[in-house]
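Dumped protein.cif below, it's mmCIF, C-alpha atoms:
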data_target
#
loop_
_atom_site.label_atom_id
_atom_site.label_comp_id
_atom_site.auth_asym_id
_atom_site.auth_seq_id
_atom_site.Cartn_x
_atom_site.Cartn_y
_atom_site.Cartn_z
CA MET Q 632 129.39 94.26 193.43
CA GLY Q 633 131.41 91.78 191.39
CA LYS Q 634 134.24 92.46 188.96
CA LEU Q 635 134.62 91.82 185.26
CA TYR Q 636 138.28 90.94 184.72
CA CYS Q 637 139.59 91.49 181.18
CA LEU Q 638 142.65 89.60 180.00
CA LEU Q 639 144.49 91.80 177.52
CA GLY Q 640 147.65 91.27 175.52
CA LYS Q 641 149.24 91.10 172.12
CA SER Q 642 148.96 87.99 169.96
CA GLY Q 643 151.08 85.16 171.36
CA SER Q 644 151.00 86.56 174.90
CA GLY Q 645 149.18 83.47 176.18
CA LYS Q 646 145.71 84.85 176.85
CA ASP Q 647 143.90 81.57 176.04
CA THR Q 648 146.24 79.55 178.27
CA ILE Q 649 145.94 81.94 181.23
CA PHE Q 650 142.16 82.12 180.74
CA LYS Q 651 141.89 78.32 181.00
CA LEU Q 652 144.17 78.14 184.05
CA LEU Q 653 142.15 80.79 185.89
CA MET Q 654 138.81 79.27 184.92
CA ASN Q 655 139.98 75.84 186.12
CA ASP Q 656 140.84 77.29 189.55
CA LYS Q 657 137.52 76.80 191.31
CA SER Q 658 138.67 78.82 194.34
CA LEU Q 659 138.36 81.99 192.23
CA ARG Q 660 134.70 81.27 191.37
CA LEU Q 661 134.96 83.09 188.05
CA SER Q 662 132.29 82.85 185.37
CA PRO Q 663 133.39 83.13 181.73
CA VAL Q 664 132.25 85.81 179.32
CA ILE Q 665 132.64 84.36 175.84
CA THR Q 666 132.84 86.86 173.01
CA ASP Q 667 131.39 86.25 169.56
CA THR Q 668 133.30 86.25 166.29
CA THR Q 669 132.62 85.75 162.60
CA ARG Q 670 136.14 84.51 161.93
CA PRO Q 671 136.64 80.81 161.06
CA ARG Q 672 137.20 78.43 163.95
CA ARG Q 673 140.77 77.18 164.36
CA GLU Q 674 141.30 73.43 164.63
CA HIS Q 675 142.03 73.41 168.37
CA GLU Q 676 139.06 75.66 169.22
CA THR Q 677 135.61 74.63 170.42
CA ASP Q 678 132.48 76.67 169.75
CA GLY Q 679 131.30 78.25 173.00
CA VAL Q 680 134.69 77.82 174.72
CA GLU Q 681 137.23 80.17 173.13
CA TYR Q 682 134.54 82.07 171.20
CA ASN Q 683 130.95 81.81 170.05
CA PHE Q 684 131.41 81.39 166.31
CA ILE Q 685 128.59 83.14 164.48
CA THR Q 686 127.75 84.08 160.91
CA PRO Q 687 127.76 87.68 159.63
CA GLU Q 688 123.97 87.37 159.35
CA GLU Q 689 123.68 86.44 163.04
CA LEU Q 690 125.88 89.39 163.93
CA MET Q 691 123.65 91.80 161.99
CA ARG Q 692 120.58 90.39 163.75
CA LEU Q 693 122.17 90.91 167.19
CA LYS Q 694 123.13 94.44 166.19
CA ALA Q 695 119.59 95.20 164.98
CA GLU Q 696 118.25 93.94 168.32
CA GLY Q 697 120.56 96.36 170.19
CA LYS Q 698 122.42 93.57 171.97
CA ILE Q 699 125.98 94.50 170.95
CA ILE Q 700 128.00 96.07 173.79
CA GLU Q 701 131.16 96.44 171.72
CA MET Q 702 132.23 95.36 168.26
CA ARG Q 703 135.55 95.34 166.40
CA LYS Q 704 136.19 94.94 162.68
CA TYR Q 705 139.42 93.55 161.21
CA ASN Q 706 140.39 93.60 157.55
CA THR Q 707 142.41 90.38 157.32
CA VAL Q 708 144.09 88.66 154.39
CA LYS Q 709 141.08 86.29 154.41
CA GLY Q 710 138.41 88.98 154.47
CA VAL Q 711 136.61 91.02 157.11
CA TRP Q 712 136.27 89.46 160.57
CA TYR Q 713 134.14 90.82 163.39
CA TYR Q 714 134.48 90.29 167.15
CA CYS Q 715 131.89 91.47 169.62
CA THR Q 716 130.55 91.19 173.17
CA VAL Q 717 126.83 90.57 173.37
CA ASP Q 718 124.52 91.63 176.19
CA ASP Q 719 122.75 88.29 176.48
CA GLY Q 720 121.85 88.58 180.17
CA LYS Q 721 124.57 86.16 181.28
CA VAL Q 722 126.64 88.83 183.07
CA ASN Q 723 125.20 89.88 186.43
CA LEU Q 724 127.83 91.66 188.51
CA GLU Q 725 125.55 91.52 191.55
CA ASN Q 726 126.12 87.77 191.65
CA GLY Q 727 129.89 87.38 191.26
CA ASP Q 728 133.05 87.86 189.25
CA TYR Q 729 133.61 87.25 185.55
CA LEU Q 730 136.58 86.72 183.23
CA THR Q 731 136.90 87.51 179.56
CA ILE Q 732 139.57 87.98 176.89
CA GLU Q 733 139.46 91.37 175.20
CA THR Q 734 141.29 93.81 172.97
CA LEU Q 735 142.15 97.24 174.32
CA GLU Q 736 139.31 98.71 172.29
CA GLY Q 737 136.92 96.10 173.65
CA TYR Q 738 138.07 96.71 177.22
CA ASN Q 739 137.38 100.45 176.88
CA ALA Q 740 133.88 99.75 175.53
CA LEU Q 741 133.14 97.35 178.42
CA LYS Q 742 134.40 99.90 180.93
CA LYS Q 743 132.10 102.50 179.41
CA TYR Q 744 129.19 100.04 179.65
CA TYR Q 745 129.85 98.51 183.11
CA GLY Q 746 131.92 101.26 184.76
CA ASN Q 747 134.64 100.70 187.36
CA SER Q 748 133.61 97.07 187.85
CA VAL Q 749 135.79 96.29 184.79
CA VAL Q 750 139.41 95.47 185.74
CA PRO Q 751 142.19 95.04 183.13
CA LEU Q 752 144.81 92.28 183.43
CA TYR Q 753 147.52 92.99 180.87
CA LEU Q 754 149.86 90.14 179.87
CA GLU Q 755 153.38 91.05 178.80
CA VAL Q 756 155.74 88.81 176.80
CA GLU Q 757 158.95 89.81 175.02
CA ASP Q 758 158.37 90.23 171.27
CA SER Q 759 160.68 87.45 170.04
CA GLU Q 760 159.06 84.96 172.41
CA ARG Q 761 155.58 86.03 171.26
CA LEU Q 762 156.57 85.54 167.64
CA ILE Q 763 157.94 82.05 168.33
CA ARG Q 764 154.74 81.10 170.19
CA SER Q 765 152.57 82.45 167.38
CA ILE Q 766 154.51 80.51 164.74
CA MET Q 767 154.31 77.30 166.78
CA ARG Q 768 150.53 77.73 167.17
CA GLU Q 769 150.04 78.48 163.48
CA ARG Q 770 152.14 75.47 162.50
CA GLU Q 771 149.55 73.23 164.19
CA GLN Q 772 146.79 74.40 161.84
CA ARG Q 773 145.76 72.29 158.85
CA SER Q 774 146.38 75.30 156.59
CA PRO Q 775 148.82 77.65 158.35
CA ASP Q 776 148.30 81.30 157.45
CA TYR Q 777 151.57 83.06 158.11
CA ASN Q 778 150.46 86.19 156.26
CA GLU Q 779 147.64 86.71 158.76
CA LEU Q 780 150.01 85.89 161.63
CA CYS Q 781 152.39 88.63 160.46
CA ARG Q 782 149.54 91.11 159.99
CA ARG Q 783 148.35 90.52 163.57
CA PHE Q 784 151.85 90.70 164.98
CA LEU Q 785 152.58 94.04 163.30
CA ALA Q 786 149.13 95.48 164.09
CA ASP Q 787 149.71 94.78 167.79
CA SER Q 788 152.44 97.42 167.94
CA GLU Q 789 149.82 100.04 167.13
CA ASP Q 790 146.85 98.46 168.92
CA PHE Q 791 148.77 98.05 172.19
CA SER Q 792 151.11 101.03 171.99
CA GLU Q 793 152.34 102.37 175.31
CA LYS Q 794 150.46 105.60 174.63
CA LYS Q 795 147.16 103.74 174.23
CA LEU Q 796 147.82 101.60 177.30
CA ILE Q 797 148.41 104.71 179.41
CA GLU Q 798 145.36 106.49 177.97
CA SER Q 799 143.25 103.41 178.84
CA GLY Q 800 144.54 103.37 182.42
CA ILE Q 801 146.23 99.98 182.13
CA ILE Q 802 148.05 99.71 185.46
CA TYR Q 803 148.07 96.01 186.31
CA ARG Q 804 150.63 94.13 184.20
CA PHE Q 805 151.70 90.51 184.50
CA GLN Q 806 154.79 88.92 182.95
CA ASN Q 807 153.79 85.68 181.20
CA ILE Q 808 157.13 83.91 180.91
CA ASP Q 809 155.81 80.89 182.82
CA ALA Q 810 152.05 80.36 182.50
CA GLU Q 811 151.57 78.68 185.89
CA LYS Q 812 153.43 81.45 187.72
CA CYS Q 813 151.61 84.16 185.76
CA ALA Q 814 148.21 82.60 186.53
CA ASN Q 815 149.18 82.34 190.19
CA ASP Q 816 150.20 86.03 190.28
CA ILE Q 817 146.85 86.98 188.76
CA LYS Q 818 145.04 84.71 191.22
CA LYS Q 819 146.67 86.53 194.16
CA PHE Q 820 145.66 89.85 192.62
CA ILE Q 821 142.02 88.76 192.15
CA LEU Q 822 141.82 87.39 195.69
CA GLN Q 823 143.23 90.67 197.01
CA LYS Q 824 140.57 92.57 195.08
CA GLY Q 825 137.94 90.31 196.65
CA ASN Q 826 139.30 91.01 200.14
CA GLU Q 827 139.21 94.78 199.47
CA ARG Q 828 135.54 94.42 198.51
CA SER Q 829 134.82 92.49 201.72
CA VAL Q 830 136.38 95.25 203.86
CA CYS Q 831 134.24 97.89 202.13
#
Let me see the file written as structure tokens.
Amino acid sequence: MGKLYCLLGKSGSGKDTIFKLLMNDKSLRLSPVITDTTRPRREHETDGVEYNFITPEELMRLKAEGKIIEMRKYNTVKGVWYYCTVDDGKVNLENGDYLTIETLEGYNALKKYYGNSVVPLYLEVEDSERLIRSIMREREQRSPDYNELCRRFLADSEDFSEKKLIESGIIYRFQNIDAEKCANDIKKFILQKGNERSVC
């Protein structure tokens, strides 16, 4: 049975960068699970790569068809944004391992749906460094939205509180000071998990 690895972390912790590094490492043989969102696409993002960008109407259709595994709603300064994972038949844990980026809430929903095959990979970065990274990323946008940046940054304290991490059983934590080193540490962990499966 394969594993569904979930990259978790606060905003600015480098989830997108680590995701790309791991996906580009063909020795891991990971397949991506791309979540859907109704939020606007950022300039550096590509539809179907970071997210599947859908309309609220498409989301309601998927929900009516019973294809939503988990869904999150955020009241942002630009309106309500939804994120969700869709059961579109692309995840088959009998055939291999998968990688996705998730929130803590999303991870818990996936674990409820897929069971112990879901493995969390929590990225840790010191708060001041995260804030600097977030500002640098936002500065690259055509219309930077620092209000939304601040909302996300503050919300993370609650969304990823130590209490919630412990309640969710988040054990595996990786320091993302240097992206290459962090990705390599996660690679070793994934390969070790694969070896444990082979022994069983």
Which residue, Q:Thr677, Q:Gln823, Q:Asn739, Q:Ser799, has the smallest gap to Met702 of chain Q when you use all atoms listed in the file?
Q:Asn739
Since I can't run it myself right now, could you work out what the PyMOL selection byres ((chain Q and resi 731-736) around 9) selects here and report it as a VMD selection string?
chain Q and resid 635 to 641 646 to 647 650 662 to 666 681 701 to 703 729 to 730 737 to 741 790 to 791 795 to 796 799
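Of the listed residues (Q:Phe805, Q:Tyr713, Q:Tyr744, Q:Tyr777), Q:Phe805 comes nearest to Glu757 of chain Q; the distances count all atoms listed in the file.
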Quick one: everything within 8 Å of Lys704 of chain Q, counting all atoms listed in the file, minus sequence neighbours fewer than 5 positions away in the same chain. Send it as a ChimeraX atom specification.
/Q:711-714
The selected residues should be written to file as a PDB file, in the frame of the given file (atoms: C-alpha atoms).
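That gives us result39.pdb:
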ATOM      1  CA  VAL Q 711     136.610  91.020 157.110  1.00  0.00           C
ATOM      2  CA  TRP Q 712     136.270  89.460 160.570  1.00  0.00           C
ATOM      3  CA  TYR Q 713     134.140  90.820 163.390  1.00  0.00           C
ATOM      4  CA  TYR Q 714     134.480  90.290 167.150  1.00  0.00           C
TER       5      TYR Q 714
END
Among listed residues Q:Tyr745, Q:Tyr705, Q:Phe820, Q:Phe684, nearest Met632 of chain Q (using only C-alpha atoms)
Q:Tyr745
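Residue nearest Pro751 of chain Q within the list Q:Lys721, Q:Arg660, Q:Arg804, Q:Lys818: Q:Arg804 [criterion: smallest interatomic distance, all atoms listed in the file].
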Contacts of segment 806-813 of chain Q at 7 Å or less, counting only C-alpha atoms, minus same-chain residues fewer than 2 places along, as a PyMOL selection string?
chain Q and resi 644+649+754-756+804+815-817
Which residue of Q:Leu822, Q:Val750, Q:Ile763, Q:Val722 approaches Ser642 of chain Q most closely, using all atoms listed in the file:
Q:Ile763
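Against the coordinates shown, the PyMOL selection byres ((chain Q and resi 709) around 12) returns Thr669, Arg670, Pro671, Tyr705, Asn706, Thr707, Val708, Gly710, Val711, Trp712, Asp776, Tyr777, Asn778, Glu779, Leu780 and Arg782 of chain Q.
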Save the residues we just selected, C-alpha atoms, as a CSV table (one decimal), in the frame of the given file?
chain,number,residue,atom,x,y,z
Q,669,THR,CA,132.6,85.8,162.6
Q,670,ARG,CA,136.1,84.5,161.9
Q,671,PRO,CA,136.6,80.8,161.1
Q,705,TYR,CA,139.4,93.6,161.2
Q,706,ASN,CA,140.4,93.6,157.6
Q,707,THR,CA,142.4,90.4,157.3
Q,708,VAL,CA,144.1,88.7,154.4
Q,710,GLY,CA,138.4,89.0,154.5
Q,711,VAL,CA,136.6,91.0,157.1
Q,712,TRP,CA,136.3,89.5,160.6
Q,776,ASP,CA,148.3,81.3,157.4
Q,777,TYR,CA,151.6,83.1,158.1
Q,778,ASN,CA,150.5,86.2,156.3
Q,779,GLU,CA,147.6,86.7,158.8
Q,780,LEU,CA,150.0,85.9,161.6
Q,782,ARG,CA,149.5,91.1,160.0
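For the choices Q:Asp787, Q:Glu674, Q:Glu760, Q:Asp656, the atom-to-atom distance to Pro775 of chain Q is smallest for Q:Glu674 when using all atoms listed in the file.
Atom pair atom CA of Ile699 of chain Q / atom CA of Val749 of chain Q: separated by 17.1 Å.
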Quick one: residues within 8 Å of Gly643 of chain Q, all atoms listed in the file counted, chain neighbours fewer than 3 positions away excluded, as a VMD selection string?
chain Q and resid 646 761 to 762 764 to 765
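Interatomic distance, atom CA of Gly633 of chain Q to atom CA of Lys742 of chain Q: 13.6 Å.
Straight-line separation from atom CA of Thr716 of chain Q to atom CA of Glu696 of chain Q: 13.5 Å.
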